[in-house]
file model.cif (mmCIF, C-alpha atoms and all ligand atoms)
data_start
loop_
_atom_site.label_atom_id
_atom_site.label_comp_id
_atom_site.auth_asym_id
_atom_site.auth_seq_id
_atom_site.Cartn_x
_atom_site.Cartn_y
_atom_site.Cartn_z
CA MET A 1 -11.81 8.11 33.05
CA ASN A 2 -14.87 6.69 31.36
CA ASP A 3 -15.65 6.97 27.66
CA ILE A 4 -18.09 9.83 28.12
CA SER A 5 -15.62 12.09 29.91
CA ARG A 6 -12.90 11.13 27.42
CA ARG A 7 -15.14 12.14 24.52
CA LYS A 8 -16.23 15.32 26.28
CA MET A 9 -12.57 16.22 26.71
CA LEU A 10 -11.72 15.55 23.06
CA ALA A 11 -14.78 17.48 21.87
CA ALA A 12 -13.83 20.46 24.03
CA THR A 13 -10.28 20.32 22.65
CA ALA A 14 -11.56 20.29 19.09
CA ALA A 15 -13.82 23.25 19.81
CA GLY A 16 -10.90 25.21 21.31
CA ALA A 17 -13.00 25.77 24.43
CA PHE A 18 -10.15 25.24 26.81
CA THR A 19 -7.57 27.69 28.19
CA VAL A 20 -4.47 26.37 29.93
CA GLY A 21 -4.68 26.89 33.67
CA ALA A 22 -8.28 28.13 33.62
CA ALA A 23 -9.86 27.41 36.99
CA SER A 24 -13.14 26.43 35.33
CA ALA A 25 -11.39 23.76 33.26
CA GLN A 26 -9.65 22.43 36.38
CA SER A 27 -12.95 22.07 38.13
CA ASP A 28 -15.10 20.64 35.32
CA GLY A 29 -12.90 17.60 34.73
CA LEU A 30 -11.33 18.79 31.48
CA VAL A 31 -7.77 18.42 32.75
CA PRO A 32 -6.85 14.72 32.58
CA GLN A 33 -5.15 13.30 35.66
CA PRO A 34 -3.12 10.09 35.50
CA GLN A 35 -5.23 8.26 38.01
CA ARG A 36 -8.09 5.82 38.38
CA PRO A 37 -9.63 4.58 41.65
CA GLY A 38 -6.86 3.12 43.77
CA HIS A 39 -4.11 3.77 41.20
CA GLY A 40 -1.95 6.69 40.08
CA GLY A 41 -2.37 10.26 41.31
CA THR A 42 -2.78 13.83 40.12
CA ASP A 43 -0.14 15.62 38.07
CA PRO A 44 0.47 19.05 39.63
CA GLY A 45 2.85 19.91 36.75
CA PRO A 46 4.82 21.16 35.00
CA ARG A 47 2.82 19.68 32.14
CA ASN A 48 1.55 20.39 28.63
CA VAL A 49 -2.17 20.26 29.28
CA LEU A 50 -3.24 20.82 25.66
CA ARG A 51 -1.12 17.86 24.60
CA ASP A 52 -2.31 15.72 27.49
CA ARG A 53 -5.89 16.42 26.48
CA GLN A 54 -5.16 15.08 22.99
CA ASN A 55 -3.82 11.83 24.47
CA PRO A 56 -6.32 10.55 27.05
CA ASP A 57 -5.25 6.95 26.37
CA LEU A 58 -1.63 7.78 27.20
CA ILE A 59 -2.44 9.79 30.35
CA ILE A 60 -5.06 7.33 31.58
CA PRO A 61 -4.37 4.07 29.72
CA PRO A 62 -7.08 1.42 29.62
CA SER A 63 -6.34 -1.02 32.45
CA THR A 64 -5.79 -3.69 29.77
CA ASP A 65 -2.66 -1.86 28.51
CA HIS A 66 0.57 -3.46 29.68
CA GLY A 67 4.29 -3.59 28.89
CA THR A 68 6.68 -1.52 26.85
CA LEU A 69 5.50 -1.44 23.24
CA PRO A 70 7.45 1.12 21.22
CA ASN A 71 5.90 4.44 20.22
CA LEU A 72 3.40 3.84 17.39
CA ARG A 73 2.41 7.41 16.59
CA PHE A 74 4.01 10.54 15.20
CA SER A 75 2.23 13.70 14.09
CA PHE A 76 3.16 15.72 11.02
CA SER A 77 2.59 18.70 13.38
CA ASP A 78 5.82 17.65 15.13
CA ALA A 79 7.84 17.32 11.90
CA HIS A 80 10.28 19.91 10.50
CA VAL A 81 8.77 21.94 7.64
CA ARG A 82 11.01 22.71 4.66
CA GLU A 83 9.71 25.92 3.07
CA GLU A 84 10.61 26.80 -0.52
CA SER A 85 9.29 29.26 -3.12
CA GLY A 86 7.02 26.57 -4.63
CA GLY A 87 5.49 25.26 -1.39
CA TRP A 88 6.56 23.18 1.60
CA ALA A 89 7.28 19.60 2.64
CA ARG A 90 7.64 17.66 5.88
CA GLN A 91 8.46 14.02 6.44
CA ILE A 92 7.99 11.17 8.91
CA THR A 93 10.66 8.53 8.36
CA GLU A 94 12.31 6.00 10.66
CA ARG A 95 14.24 8.95 12.14
CA GLU A 96 10.98 10.40 13.50
CA LEU A 97 9.05 7.14 14.06
CA GLY A 98 11.77 4.61 14.92
CA VAL A 99 9.59 1.50 14.53
CA SER A 100 8.81 2.34 10.88
CA LYS A 101 11.49 0.44 8.97
CA ASN A 102 9.20 -0.42 6.03
CA ILE A 103 7.59 2.86 5.09
CA ALA A 104 8.31 6.61 5.18
CA GLY A 105 5.81 9.38 4.48
CA VAL A 106 5.98 12.94 3.18
CA ASN A 107 3.26 15.58 3.41
CA MET A 108 3.69 18.22 0.67
CA ARG A 109 2.02 21.43 -0.43
CA LEU A 110 2.59 22.93 -3.90
CA ASN A 111 1.36 26.45 -4.61
CA PRO A 112 -0.39 27.13 -7.96
CA GLY A 113 2.33 26.50 -10.57
CA GLY A 114 4.80 25.30 -7.89
CA ILE A 115 7.01 22.47 -9.19
CA ARG A 116 8.56 19.59 -7.29
CA GLU A 117 11.70 19.40 -9.43
CA LEU A 118 12.25 16.59 -11.96
CA HIS A 119 13.93 13.87 -9.88
CA TRP A 120 14.12 10.19 -9.04
CA HIS A 121 14.93 8.02 -6.05
CA LYS A 122 15.65 4.38 -5.18
CA GLU A 123 12.32 3.87 -3.40
CA ALA A 124 8.91 3.50 -5.06
CA GLU A 125 6.55 6.46 -4.48
CA TRP A 126 2.81 6.02 -3.82
CA ALA A 127 0.67 9.14 -3.40
CA TYR A 128 -2.79 10.21 -2.28
CA MET A 129 -4.05 13.67 -3.30
CA ILE A 130 -5.63 15.28 -0.25
CA TYR A 131 -6.58 18.70 -1.64
CA GLY A 132 -6.55 20.54 -4.97
CA SER A 133 -4.95 19.21 -8.13
CA ALA A 134 -1.57 18.64 -9.76
CA ARG A 135 -0.01 17.67 -13.08
CA ILE A 136 2.36 14.72 -12.77
CA THR A 137 4.89 13.53 -15.35
CA ALA A 138 7.18 10.49 -15.67
CA ILE A 139 8.78 8.13 -18.16
CA ASP A 140 9.49 4.42 -17.83
CA ALA A 141 12.44 2.19 -18.78
CA HIS A 142 10.73 1.29 -22.08
CA GLY A 143 10.89 4.87 -23.35
CA ARG A 144 7.19 5.52 -22.79
CA ASN A 145 5.86 8.70 -21.20
CA PHE A 146 3.21 9.59 -18.68
CA VAL A 147 1.43 12.91 -18.11
CA ASP A 148 -1.79 13.23 -16.11
CA ASP A 149 -3.77 15.64 -13.93
CA VAL A 150 -4.80 14.28 -10.53
CA GLY A 151 -7.34 15.66 -8.04
CA ALA A 152 -8.54 14.94 -4.51
CA GLY A 153 -8.81 11.19 -3.87
CA ASP A 154 -6.58 10.25 -6.83
CA LEU A 155 -3.42 8.14 -6.46
CA TRP A 156 -0.17 7.79 -8.31
CA TYR A 157 2.63 5.25 -8.13
CA PHE A 158 6.13 5.70 -9.52
CA PRO A 159 8.34 2.59 -9.33
CA GLY A 160 11.80 2.96 -7.79
CA GLY A 161 14.26 4.69 -10.11
CA VAL A 162 11.59 6.16 -12.39
CA PRO A 163 12.06 9.94 -12.94
CA HIS A 164 9.06 12.20 -12.31
CA SER A 165 7.73 15.65 -11.42
CA ILE A 166 4.69 17.17 -9.70
CA GLN A 167 3.26 20.64 -10.37
CA GLY A 168 0.42 22.41 -8.53
CA LEU A 169 -2.49 23.54 -10.73
CA GLY A 170 -5.04 26.34 -10.30
CA PRO A 171 -6.82 27.77 -8.46
CA ASP A 172 -4.94 26.90 -5.24
CA GLY A 173 -2.33 24.26 -6.00
CA CYS A 174 -2.51 21.06 -3.97
CA GLU A 175 -1.59 19.13 -0.84
CA PHE A 176 -0.80 15.42 -0.90
CA LEU A 177 0.66 12.48 1.00
CA LEU A 178 3.63 10.58 -0.42
CA VAL A 179 4.40 7.08 0.84
CA PHE A 180 7.74 5.36 0.15
CA ASP A 181 8.48 1.64 0.48
CA SER A 182 11.42 2.14 2.87
CA GLY A 183 11.60 3.78 6.30
CA SER A 184 15.03 5.19 5.47
CA PHE A 185 13.79 7.27 2.51
CA ASP A 186 14.87 10.92 2.73
CA GLU A 187 13.00 13.58 0.71
CA ASP A 188 16.12 15.78 0.96
CA SER A 189 18.34 13.14 -0.71
CA THR A 190 16.65 12.52 -4.06
CA PHE A 191 18.43 12.57 -7.44
CA LEU A 192 17.72 16.08 -8.79
CA LEU A 193 18.00 17.10 -12.45
CA SER A 194 19.70 20.39 -11.56
CA ASP A 195 22.11 18.65 -9.16
CA TRP A 196 23.34 16.30 -11.90
CA PHE A 197 23.79 19.16 -14.39
CA LYS A 198 25.75 21.11 -11.74
CA HIS A 199 28.06 18.17 -11.17
CA THR A 200 28.77 17.25 -14.77
CA PRO A 201 31.45 19.14 -16.78
CA ASP A 202 29.98 21.42 -19.46
CA ASP A 203 32.00 19.70 -22.22
CA VAL A 204 30.56 16.33 -21.17
CA LEU A 205 27.03 17.79 -21.27
CA ALA A 206 27.85 19.27 -24.71
CA LYS A 207 29.05 15.90 -26.01
CA ASN A 208 26.05 14.09 -24.50
CA PHE A 209 23.46 16.42 -26.03
CA GLY A 210 25.37 17.26 -29.24
CA ALA A 211 25.46 20.97 -28.41
CA ASN A 212 28.01 23.71 -27.67
CA ALA A 213 29.56 23.76 -24.19
CA SER A 214 28.52 27.42 -23.94
CA SER A 215 24.87 26.24 -23.92
CA PHE A 216 25.38 24.94 -20.39
CA GLY A 217 26.50 26.34 -17.08
CA HIS A 218 23.34 28.39 -16.53
CA THR A 219 21.44 25.82 -14.45
CA PRO A 220 20.29 27.32 -11.14
CA ASP A 221 21.78 25.94 -7.95
CA PRO A 222 19.84 22.83 -6.81
CA SER A 223 18.98 24.66 -3.59
CA GLU A 224 17.02 27.16 -5.74
CA LEU A 225 15.02 24.42 -7.41
CA TYR A 226 13.86 21.26 -5.53
CA MET A 227 10.46 22.95 -5.07
CA PHE A 228 10.18 26.19 -6.99
CA ASN A 229 7.70 28.71 -8.24
CA ALA A 230 6.58 28.66 -11.90
CA ALA A 231 3.57 29.58 -14.06
CA VAL A 232 0.50 27.32 -13.91
CA PRO A 233 0.72 25.06 -16.99
CA GLY A 234 -1.86 25.12 -19.81
CA PRO A 235 -4.45 22.40 -20.49
CA LEU A 236 -3.33 18.78 -20.15
CA GLY A 237 -3.62 18.24 -23.91
CA SER A 238 -0.92 20.83 -24.56
CA ASP A 239 1.55 18.84 -22.40
CA ARG A 240 0.95 15.55 -24.20
CA LEU A 241 3.79 14.71 -26.56
CA ALA A 242 2.75 13.77 -30.11
CA GLY A 243 3.94 10.29 -31.05
CA ALA A 244 5.04 9.26 -27.53
CA LYS A 245 3.76 5.90 -26.34
CA PRO A 246 1.95 6.06 -22.99
CA VAL A 247 3.21 4.17 -19.93
CA GLU A 248 1.31 0.90 -19.53
CA PRO A 249 -0.04 0.07 -16.96
CA THR A 250 -0.70 3.69 -16.08
CA PHE A 251 0.89 5.37 -13.04
CA SER A 252 -2.37 7.06 -11.82
CA HIS A 253 -5.60 5.72 -10.32
CA ARG A 254 -8.94 7.25 -9.21
CA MET A 255 -9.38 5.71 -5.76
CA LEU A 256 -12.58 7.59 -4.91
CA ALA A 257 -14.18 6.35 -8.14
CA GLN A 258 -14.04 2.81 -6.72
CA GLU A 259 -17.36 1.56 -5.39
CA PRO A 260 -16.81 1.39 -1.61
CA ILE A 261 -17.29 -1.85 0.29
CA LYS A 262 -19.97 -1.29 2.96
CA THR A 263 -18.96 -2.29 6.47
CA GLY A 264 -20.91 -2.51 9.71
CA SER A 265 -20.00 1.08 10.59
CA GLY A 266 -18.75 2.75 7.42
CA THR A 267 -16.98 1.98 4.16
CA VAL A 268 -13.64 0.83 2.84
CA ARG A 269 -11.94 1.11 -0.55
CA ILE A 270 -9.03 -1.24 -1.19
CA THR A 271 -6.44 -0.44 -3.85
CA ASP A 272 -3.55 -2.78 -4.59
CA SER A 273 -1.90 -4.35 -7.63
CA ASN A 274 -5.15 -6.21 -8.41
CA ASN A 275 -6.99 -3.03 -9.40
CA PHE A 276 -4.03 -0.61 -9.76
CA PRO A 277 -1.47 -2.86 -11.48
CA ALA A 278 1.37 -0.31 -11.41
CA ALA A 279 1.33 -0.30 -7.57
CA LYS A 280 3.55 -3.35 -7.10
CA THR A 281 4.98 -2.54 -3.66
CA ILE A 282 2.28 -0.50 -1.87
CA ALA A 283 -1.24 -1.70 -1.03
CA ALA A 284 -3.79 0.68 0.48
CA ALA A 285 -7.19 0.84 2.15
CA LEU A 286 -9.16 4.07 2.61
CA VAL A 287 -11.34 3.46 5.66
CA GLU A 288 -14.33 5.52 6.80
CA VAL A 289 -15.87 4.84 10.22
CA GLU A 290 -19.08 6.53 11.36
CA PRO A 291 -19.33 8.13 14.85
CA GLY A 292 -19.66 5.39 17.46
CA GLY A 293 -18.25 2.84 15.02
CA MET A 294 -15.04 0.85 15.03
CA ARG A 295 -12.66 -0.82 12.61
CA GLU A 296 -13.04 -4.29 14.10
CA LEU A 297 -10.35 -6.35 15.88
CA HIS A 298 -8.08 -7.76 13.17
CA TRP A 299 -4.49 -8.22 12.04
CA HIS A 300 -2.57 -8.49 8.79
CA PRO A 301 -0.85 -11.72 7.73
CA ASN A 302 1.62 -10.11 5.32
CA THR A 303 3.36 -7.03 6.75
CA ASP A 304 3.36 -3.89 8.97
CA GLU A 305 0.65 -1.22 8.62
CA TRP A 306 1.43 2.51 8.24
CA GLN A 307 -1.57 4.80 8.78
CA TYR A 308 -2.39 8.38 7.88
CA TYR A 309 -5.35 10.05 9.59
CA ILE A 310 -7.24 12.38 7.23
CA GLU A 311 -10.27 13.43 9.26
CA GLY A 312 -11.84 12.91 12.69
CA THR A 313 -10.42 11.44 15.91
CA ALA A 314 -9.61 7.86 16.84
CA ARG A 315 -7.95 5.61 19.30
CA MET A 316 -6.08 2.47 18.33
CA GLY A 317 -5.34 -0.40 20.67
CA VAL A 318 -2.48 -2.70 19.63
CA PHE A 319 -1.92 -6.20 21.04
CA ALA A 320 1.67 -7.44 20.81
CA SER A 321 1.50 -10.97 22.35
CA SER A 322 3.18 -11.91 25.67
CA GLY A 323 0.59 -9.85 27.54
CA GLN A 324 1.68 -6.58 25.93
CA ALA A 325 -0.82 -4.01 24.69
CA ARG A 326 -0.82 -0.23 24.21
CA THR A 327 -3.37 2.38 23.17
CA PHE A 328 -2.77 5.59 21.19
CA ASP A 329 -4.99 8.55 20.23
CA PHE A 330 -5.04 10.08 16.74
CA GLN A 331 -6.22 13.21 14.97
CA ALA A 332 -6.07 14.49 11.40
CA GLY A 333 -2.43 14.75 10.26
CA ASP A 334 -1.15 11.97 12.55
CA VAL A 335 0.68 8.84 11.43
CA GLY A 336 0.11 5.49 13.16
CA TYR A 337 2.00 2.21 12.88
CA VAL A 338 1.18 -1.42 13.58
CA PRO A 339 4.12 -3.85 13.51
CA TYR A 340 3.64 -7.04 11.48
CA ALA A 341 0.94 -9.44 12.75
CA MET A 342 -0.04 -7.47 15.86
CA GLY A 343 -3.76 -7.44 16.61
CA HIS A 344 -5.49 -4.04 16.61
CA TYR A 345 -8.73 -2.04 16.45
CA VAL A 346 -9.38 1.59 15.46
CA GLU A 347 -12.31 3.26 17.18
CA ASN A 348 -13.95 6.53 16.14
CA THR A 349 -13.81 8.63 19.35
CA GLY A 350 -15.47 11.73 17.91
CA ASP A 351 -18.86 12.90 16.71
CA ARG A 352 -17.77 13.18 13.07
CA PRO A 353 -16.84 10.52 10.51
CA LEU A 354 -13.31 9.17 10.87
CA ARG A 355 -11.28 8.76 7.67
CA PHE A 356 -7.82 7.23 7.48
CA LEU A 357 -5.51 5.39 5.09
CA GLU A 358 -3.96 2.00 5.85
CA LEU A 359 -0.78 1.40 3.84
CA PHE A 360 1.28 -1.75 3.45
CA LYS A 361 4.58 -2.52 1.77
CA SER A 362 3.01 -5.30 -0.26
CA SER A 363 1.56 -6.04 -3.70
CA TYR A 364 -1.74 -7.06 -2.08
CA TYR A 365 -4.05 -6.12 0.75
CA ALA A 366 -4.93 -8.82 3.28
CA ASP A 367 -6.40 -8.97 6.75
CA LEU A 368 -7.70 -11.52 9.21
CA SER A 369 -10.75 -10.67 11.29
CA LEU A 370 -11.12 -11.93 14.85
CA ASN A 371 -14.89 -12.21 14.26
CA GLN A 372 -14.34 -14.22 11.12
CA TRP A 373 -11.83 -16.54 12.79
CA LEU A 374 -14.19 -17.36 15.62
CA ALA A 375 -17.19 -17.66 13.29
CA LEU A 376 -15.35 -20.16 11.10
CA THR A 377 -14.02 -22.30 13.96
CA PRO A 378 -15.97 -25.19 15.51
CA ARG A 379 -18.32 -23.90 18.17
CA GLU A 380 -17.24 -26.26 20.96
CA LEU A 381 -13.60 -25.42 20.36
CA VAL A 382 -14.26 -21.67 20.68
CA GLN A 383 -16.40 -22.22 23.76
CA ALA A 384 -13.68 -24.32 25.44
CA HIS A 385 -11.47 -21.21 25.29
CA LEU A 386 -13.76 -18.25 25.93
CA LYS A 387 -16.62 -19.60 28.13
CA LEU A 388 -19.04 -17.16 26.47
CA ASP A 389 -22.75 -16.82 27.12
CA PRO A 390 -24.19 -19.31 24.55
CA LYS A 391 -26.38 -16.55 23.08
CA VAL A 392 -23.32 -14.35 22.52
CA LEU A 393 -21.53 -17.27 20.89
CA SER A 394 -24.44 -17.82 18.47
CA GLU A 395 -24.47 -14.13 17.55
CA LEU A 396 -20.72 -14.17 17.12
CA GLN A 397 -20.88 -17.14 14.76
CA ARG A 398 -23.49 -15.36 12.63
CA ALA A 399 -21.37 -12.17 12.50
CA LYS A 400 -20.93 -10.38 9.21
CA HIS A 401 -17.36 -9.83 8.10
CA PRO A 402 -17.25 -6.63 6.15
CA ILE A 403 -13.64 -6.03 5.28
CA VAL A 404 -12.42 -8.66 2.86
CA PRO A 405 -9.62 -8.71 0.32
CA ILE A 406 -10.73 -8.13 -3.27
MN MN A 501 9.51 11.59 -5.83
MN MN A 502 -5.21 -2.90 10.21
#

call {"tool": "encode", "arguments": {"input": "model.cif", "output": "structure tokens"}}
result
Amino acid sequence: MNDISRRKMLAATAAGAFTVGAASAQSDGLVPQPQRPGHGGTDPGPRNVLRDRQNPDLIIPPSTDHGTLPNLRFSFSDAHVREESGGWARQITERELGVSKNIAGVNMRLNPGGIRELHWHKEAEWAYMIYGSARITAIDAHGRNFVDDVGAGDLWYFPGGVPHSIQGLGPDGCEFLLVFDSGSFDEDSTFLLSDWFKHTPDDVLAKNFGANASSFGHTPDPSELYMFNAAVPGPLGSDRLAGAKPVEPTFSHRMLAQEPIKTGSGTVRITDSNNFPAAKTIAAALVEVEPGGMRELHWHPNTDEWQYYIEGTARMGVFASSGQARTFDFQAGDVGYVPYAMGHYVENTGDRPLRFLELFKSSYYADLSLNQWLALTPRELVQAHLKLDPKVLSELQRAKHPIVPI
């Protein structure tokens, strides 16, 4: 399959123009067949044609793909949804995406007023607000407090062990992505305020708080809280505590307020502990690639990459050394993964801008560009390897290198 028919297929899928088994679709080339001239054959079925159409690079891999790289994609659409009175949550951890030992992700929706219960966990929590707004609260180990309202494009970071809460605001609550610095994180196994109260004797609570034992014993069951319905809180000012010292450095950051770095085919915003000092274990890049553009061939010298696709469609090719390479297709709501040091590119395969997040378990963002490497290496040495057309080599050595660490 060539690029034009692949794009036509993806565009038709996005437009919902296709019906499973429709004779017209069979005849106009919209049903991918695992074959290329001289290789493979048709698939008479049974098959999931809608799914196959979303994965042209799995059904008809580029001929450069080779070997048995592990699965590097999982969609939130394939994750279990936990529904509660305050909203819903679903997670992609190393259970769902086995290769992801470094990072786990949670996609969460809070209705207006809906509260993700006061809790903590061992892992640090980094977040990107996708839609709407929320009020977040926390304290730190120095007895300082933190309360802020965050909207679309804002981040927060709570270090491991720091207790916090999230509450959806008006008019329609919020949806966000949470990223944890361990693949074994489990959103269903956090330390909940109500759980601790339920499992502490009332007389111990009374002694701890200097109150009567009869004051306790009314805490709802933890299964009723976790993510529960409540009234939308008042203005932020009314939730600020008089006399409390604020957490420093702050736990929130306005990522979209950063001036984007212009690239050859889009923009990138990089946020790590250099410009968001609280974020000590998660570094991030928000990448936008115009139609026809590509996040150039590169790799990362520090750690694995965990991706979240926000908008558009893409394909990513990953090179794993020893002749191994594999290509995956992505849509909004998918998670991608690149193991440490593996070379990769991310190509916009649609006719709309592509937006995705790159996340790293690291205090800093870093990448190495193939273009930059070749441009900064003696010409004769490069030519001895690649035998390029001299004109191409000259162009290559003048190449601009848009994505650089800040
Ligand atoms: Mn949390
Ligand atoms: Mn990358």

call {"tool": "closest_residue", "arguments": {"input": "model.cif", "among": "A:His80, A:His218, A:Arg95, A:His121", "to": "ligand MN 501 (chain A)", "atoms": "only C-alpha atoms and all ligand atoms"}}
result
A:His121

call {"tool": "residues_around", "arguments": {"input": "model.cif", "residues": "Phe197 (chain A)", "least_positions_apart": "5", "cutoff": "9 Å", "atoms": "only C-alpha atoms", "output": "ChimeraX atom specification"}}
result
/A:192,202,205,216-217,219

call {"tool": "residues_near_ligand", "arguments": {"input": "model.cif", "ligand": "ligand MN 501 (chain A)", "cutoff": "8 Å", "atoms": "all atoms listed in the file", "output": "JSON, numbers by chain"}}
result
{"A": [119, 120, 121, 125, 158, 163, 164, 165, 187, 190]}

call {"tool": "residues_near_ligand", "arguments": {"input": "model.cif", "ligand": "ligand MN 502 (chain A)", "cutoff": "10 Å", "atoms": "all atoms listed in the file", "output": "PyMOL selection string"}}
result
chain A and resi 285+287+295-300+304-307+316+318+337-346+357-360+366-369

call {"tool": "atom_distance", "arguments": {"input": "model.cif", "atom1": "CA of Leu374 (chain A)", "atom2": "CA of Leu396 (chain A)"}}
result
7.4 Å

call {"tool": "residues_around", "arguments": {"input": "model.cif", "residues": "Gly168 (chain A)", "least_positions_apart": "3", "cutoff": "6 Å", "atoms": "all atoms listed in the file", "output": "list in words"}}
result
Leu110, Asn111, Pro112, Gly113, Gly114, Ala134, Gly173 and Cys174 of chain A

call {"tool": "closest_residue", "arguments": {"input": "model.cif", "among": "A:Ala332, A:Ile92, A:Ala325, A:Leu370", "to": "His66 (chain A)", "atoms": "only C-alpha atoms"}}
result
A:Ala325

call {"tool": "residues_around", "arguments": {"input": "model.cif", "residues": "Asp148 (chain A)", "least_positions_apart": "2", "cutoff": "7 Å", "atoms": "all atoms listed in the file", "output": "list in words"}}
result
Arg135, Ile136, Thr137, Phe146 and Val150 of chain A

call {"tool": "write_last_selection", "arguments": {"input": "model.cif", "atoms": "C-alpha atoms", "output": "compact mmCIF listing (two decimals), in the coordinates of the input"}}
result
# COMPACT_ATOMS: atom_id res chain seq x y z
CA ARG A 135 -0.01 17.67 -13.08
CA ILE A 136 2.36 14.72 -12.77
CA THR A 137 4.89 13.53 -15.35
CA PHE A 146 3.21 9.59 -18.68
CA VAL A 150 -4.80 14.28 -10.53

call {"tool": "residues_near_point", "arguments": {"input": "model.cif", "point": "(-4.4, 11.1, 23.1)", "cutoff": "9 Å", "atoms": "all atoms listed in the file", "output": "ChimeraX atom specification"}}
result
/A:10,51-59,314-315,327-331
